[in-house]
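The structure appears below as structure tokens.
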Amino acid sequence: MKTLGTPPTRHTAAPRKRGDDTRAQIIDETVRCVVEEGFHAATAKHVAERAGVTWGVIQYHFGDRNGLLMAVVDEGVARLLESLGSAEVGDLPLRERIEVVVDTAFRCYSSPTSLAAFEILRATRGTHGQSATRHLLEINAAINQLGQLISDDPVVAEVIWSALRGMVLVEMIVNSHLEWERERRLLVDMVSRYLDG
């Protein structure tokens, strides 16, 4: 499917501190808007007002609303991949490795940037073609890599991912942070028992 959107005016890779700071500020404000008010509230005009910039500044950096939303997804996926890739388990016993993986993945999934990125991907499904597919494949590869820290069985990573995704989905629906400590410990127990055989 053809990707919608107008290309941004800015086409330079040269560092521009003020411009980069403005771009980051707009992305951060878009994340806050999506998390606090929902996807549909994140219009270019509303984000511009929240960020204290003009529509022209958003056009300059992102092209249009679709470009802005995909910039948030790009940022969310990049942070998620970076965080998932930084999990260190070394020679920890199995249960402690599982705890590290579950806690790392939960922190990643429940971060505001990840929440906004997931909501944008869900709300715009089918309109961003290859870019959205690439992001989902990158996330899936990172989840599988994280699961390898525990087991060669790919089902283990899928179960952890599904359980944590469910927790995050509930937070998105109720628009509130919930405590999931007990549920995460139960997930660790179940995976430990499964792998201990």
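By order in the structure tokens, chains are A, B, ...; within a chain, residues start at 1; ligands start at 1, following the order shown.
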
Could you produce a table of the residues of stretch 150-177 of chain A lying within 12 Å of stretch 23-40 of chain A, with the nearest pair of atoms per residue and their separation in Å rounded to one decimal, using only C-alpha atoms, ordered by chain and increasing residue number, as CSV?
```
residue,atom,partner,partner_atom,distance
A:Val168,CA,A:Val35,CA,11.9
A:Glu171,CA,A:Val35,CA,10.0
A:Met172,CA,A:Val35,CA,7.7
A:Ile173,CA,A:Gly38,CA,9.7
A:Val174,CA,A:Glu36,CA,10.9
A:Asn175,CA,A:Glu36,CA,7.2
A:Ser176,CA,A:Glu36,CA,9.1
A:His177,CA,A:Val35,CA,10.9
```

For this session: Could you tell me, as an MDAnalysis selection string, which residues of stretch 1-196 of chain A DSSP assigns to alpha helix (DSSP H) when given the backbone?
Result: chainID A and resid 17:37 44:51 55:62 65:85 94:109 112:123 129:148 154:174 181:196

For this session: Extract, using only C-alpha atoms, all DNA, RNA and protein residues at most 12 Å from stretch 152-161 of chain A, discarding same-chain residues fewer than 4 positions from it, and format them as a PyMOL selection string.
Result: chain A and resi 84+98-106+108-109+139-148+165-169+183-195

Residue subset to file, keeping N, CA, C and O atoms, as a short mmCIF file (atom, residue, chain, number, x, y, z; two decimals), in the first residue's frame:
```cif
data_model
loop_
_atom_site.label_atom_id
_atom_site.label_comp_id
_atom_site.auth_asym_id
_atom_site.auth_seq_id
_atom_site.Cartn_x
_atom_site.Cartn_y
_atom_site.Cartn_z
N LEU A 84 15.94 -3.18 24.92
CA LEU A 84 15.89 -4.64 24.89
C LEU A 84 17.28 -5.22 24.65
O LEU A 84 17.62 -6.27 25.20
N ILE A 98 15.33 -14.94 33.90
CA ILE A 98 13.94 -14.70 33.51
C ILE A 98 13.45 -13.39 34.10
O ILE A 98 12.79 -12.59 33.42
N GLU A 99 13.77 -13.14 35.37
CA GLU A 99 13.36 -11.88 36.01
C GLU A 99 13.94 -10.67 35.27
O GLU A 99 13.23 -9.69 35.03
N VAL A 100 15.21 -10.73 34.91
CA VAL A 100 15.84 -9.63 34.18
C VAL A 100 15.13 -9.40 32.85
O VAL A 100 14.81 -8.27 32.49
N VAL A 101 14.85 -10.48 32.13
CA VAL A 101 14.20 -10.36 30.83
C VAL A 101 12.80 -9.79 30.97
O VAL A 101 12.41 -8.85 30.26
N VAL A 102 12.01 -10.32 31.89
CA VAL A 102 10.64 -9.85 32.09
C VAL A 102 10.63 -8.39 32.53
O VAL A 102 9.88 -7.56 31.99
N ASP A 103 11.47 -8.04 33.50
CA ASP A 103 11.50 -6.66 33.99
C ASP A 103 11.99 -5.69 32.93
O ASP A 103 11.44 -4.59 32.77
N THR A 104 13.01 -6.08 32.17
CA THR A 104 13.52 -5.22 31.10
C THR A 104 12.45 -5.01 30.04
O THR A 104 12.19 -3.88 29.62
N ALA A 105 11.83 -6.09 29.60
CA ALA A 105 10.80 -5.98 28.57
C ALA A 105 9.63 -5.14 29.06
O ALA A 105 9.12 -4.30 28.32
N PHE A 106 9.21 -5.32 30.31
CA PHE A 106 8.08 -4.54 30.82
C PHE A 106 8.41 -3.06 30.87
O PHE A 106 7.59 -2.21 30.49
N CYS A 108 10.46 -1.48 29.01
CA CYS A 108 10.48 -1.01 27.62
C CYS A 108 9.08 -0.79 27.09
O CYS A 108 8.77 0.25 26.52
N TYR A 109 8.22 -1.81 27.26
CA TYR A 109 6.87 -1.73 26.71
C TYR A 109 6.03 -0.65 27.36
O TYR A 109 5.17 -0.06 26.70
N ILE A 139 10.96 -5.21 16.03
CA ILE A 139 10.52 -5.49 17.40
C ILE A 139 10.48 -7.00 17.63
O ILE A 139 10.96 -7.50 18.65
N ASN A 140 9.93 -7.74 16.68
CA ASN A 140 9.85 -9.19 16.80
C ASN A 140 11.24 -9.81 16.92
O ASN A 140 11.48 -10.71 17.73
N ALA A 141 12.19 -9.33 16.10
CA ALA A 141 13.56 -9.85 16.17
C ALA A 141 14.19 -9.56 17.53
O ALA A 141 14.88 -10.41 18.10
N ALA A 142 13.95 -8.36 18.07
CA ALA A 142 14.50 -8.01 19.39
C ALA A 142 13.89 -8.87 20.48
O ALA A 142 14.59 -9.31 21.41
N ILE A 143 12.58 -9.14 20.38
CA ILE A 143 11.92 -10.00 21.36
C ILE A 143 12.51 -11.41 21.31
O ILE A 143 12.78 -12.02 22.34
N ASN A 144 12.70 -11.91 20.10
CA ASN A 144 13.29 -13.25 19.96
C ASN A 144 14.72 -13.29 20.52
O ASN A 144 15.11 -14.26 21.17
N GLN A 145 15.48 -12.23 20.27
CA GLN A 145 16.85 -12.15 20.79
C GLN A 145 16.83 -12.11 22.32
O GLN A 145 17.64 -12.77 22.97
N LEU A 146 15.90 -11.34 22.88
CA LEU A 146 15.77 -11.28 24.33
C LEU A 146 15.39 -12.65 24.89
O LEU A 146 15.93 -13.08 25.91
N GLY A 147 14.48 -13.33 24.21
CA GLY A 147 14.08 -14.66 24.63
C GLY A 147 15.22 -15.66 24.62
O GLY A 147 15.26 -16.58 25.44
N GLN A 148 16.19 -15.46 23.71
CA GLN A 148 17.35 -16.34 23.63
C GLN A 148 18.20 -16.26 24.91
O GLN A 148 18.98 -17.19 25.18
N ARG A 165 2.41 -7.55 26.72
CA ARG A 165 1.61 -6.74 25.80
C ARG A 165 0.21 -6.57 26.34
O ARG A 165 -0.39 -5.50 26.24
N GLY A 166 -0.35 -7.64 26.94
CA GLY A 166 -1.68 -7.55 27.55
C GLY A 166 -1.71 -6.55 28.69
O GLY A 166 -2.66 -5.76 28.81
N MET A 167 -0.68 -6.55 29.51
CA MET A 167 -0.62 -5.59 30.62
C MET A 167 -0.56 -4.16 30.10
O MET A 167 -1.27 -3.27 30.59
N VAL A 168 0.26 -3.95 29.09
CA VAL A 168 0.40 -2.61 28.51
C VAL A 168 -0.89 -2.18 27.84
O VAL A 168 -1.30 -1.02 27.95
N LEU A 169 -1.57 -3.10 27.18
CA LEU A 169 -2.85 -2.78 26.54
C LEU A 169 -3.87 -2.30 27.57
O LEU A 169 -4.59 -1.33 27.34
N GLU A 183 1.69 -9.86 38.95
CA GLU A 183 1.50 -10.57 37.68
C GLU A 183 2.83 -10.90 37.02
O GLU A 183 3.00 -11.99 36.46
N ARG A 184 3.78 -9.98 37.11
CA ARG A 184 5.10 -10.24 36.53
C ARG A 184 5.82 -11.36 37.28
O ARG A 184 6.49 -12.19 36.68
N ARG A 185 5.68 -11.39 38.60
CA ARG A 185 6.31 -12.46 39.38
C ARG A 185 5.67 -13.81 39.04
O ARG A 185 6.35 -14.82 38.96
N LEU A 186 4.34 -13.81 38.83
CA LEU A 186 3.67 -15.05 38.44
C LEU A 186 4.15 -15.50 37.06
O LEU A 186 4.38 -16.69 36.83
N LEU A 187 4.35 -14.55 36.15
CA LEU A 187 4.89 -14.87 34.82
C LEU A 187 6.28 -15.50 34.95
O LEU A 187 6.58 -16.51 34.30
N VAL A 188 7.11 -14.92 35.80
CA VAL A 188 8.45 -15.48 36.03
C VAL A 188 8.33 -16.90 36.59
O VAL A 188 9.04 -17.81 36.14
N ASP A 189 7.42 -17.10 37.55
CA ASP A 189 7.22 -18.45 38.12
C ASP A 189 6.81 -19.45 37.04
O ASP A 189 7.34 -20.55 36.98
N MET A 190 5.85 -19.07 36.21
CA MET A 190 5.35 -19.99 35.19
C MET A 190 6.43 -20.34 34.17
O MET A 190 6.60 -21.51 33.81
N VAL A 191 7.18 -19.34 33.73
CA VAL A 191 8.24 -19.61 32.75
C VAL A 191 9.34 -20.46 33.39
O VAL A 191 9.86 -21.39 32.77
N SER A 192 9.68 -20.17 34.65
CA SER A 192 10.70 -20.97 35.36
C SER A 192 10.27 -22.43 35.45
O SER A 192 11.07 -23.33 35.17
N ARG A 193 9.03 -22.65 35.84
CA ARG A 193 8.54 -24.04 35.98
C ARG A 193 8.53 -24.73 34.63
O ARG A 193 8.88 -25.92 34.54
N TYR A 194 8.12 -24.02 33.61
CA TYR A 194 8.08 -24.61 32.26
C TYR A 194 9.48 -25.03 31.82
O TYR A 194 9.68 -26.15 31.31
N LEU A 195 10.46 -24.15 32.04
CA LEU A 195 11.81 -24.44 31.58
C LEU A 195 12.52 -25.46 32.47
O LEU A 195 13.41 -26.18 32.02
#
```

Problem set entry | Atomic distance atom CA of A:Phe118 - atom CA of A:Val77, expressed in Å with one decimal |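 Between atom CA of A:Phe118 and atom CA of A:Val77 the gap is 9.1 Å.
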
Exercise. With only C-alpha atoms as the basis for distance, which of A:Lys45, A:His135, A:Arg182, A:Arg79 is at the shortest distance from A:Asp64?
Worked result: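 Checking each candidate against A:Asp64, we get A:Lys45 as the closest.
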
Problem set entry | Nearest to A:Thr43, chosen from A:Asn66, A:Ala78, A:Gly197, A:Gln130, with only C-alpha atoms counted in the distances |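 Closest residue, counting only C-alpha atoms: A:Asn66.
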
Exercise. Between A:Leu149, A:Ala132, A:Leu164, A:Ile58, which one has atoms that come closest to A:Glu181, using only C-alpha atoms?
Worked result: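 Nearest candidate to A:Glu181 out of A:Leu149, A:Ala132, A:Leu164, A:Ile58: A:Leu164.
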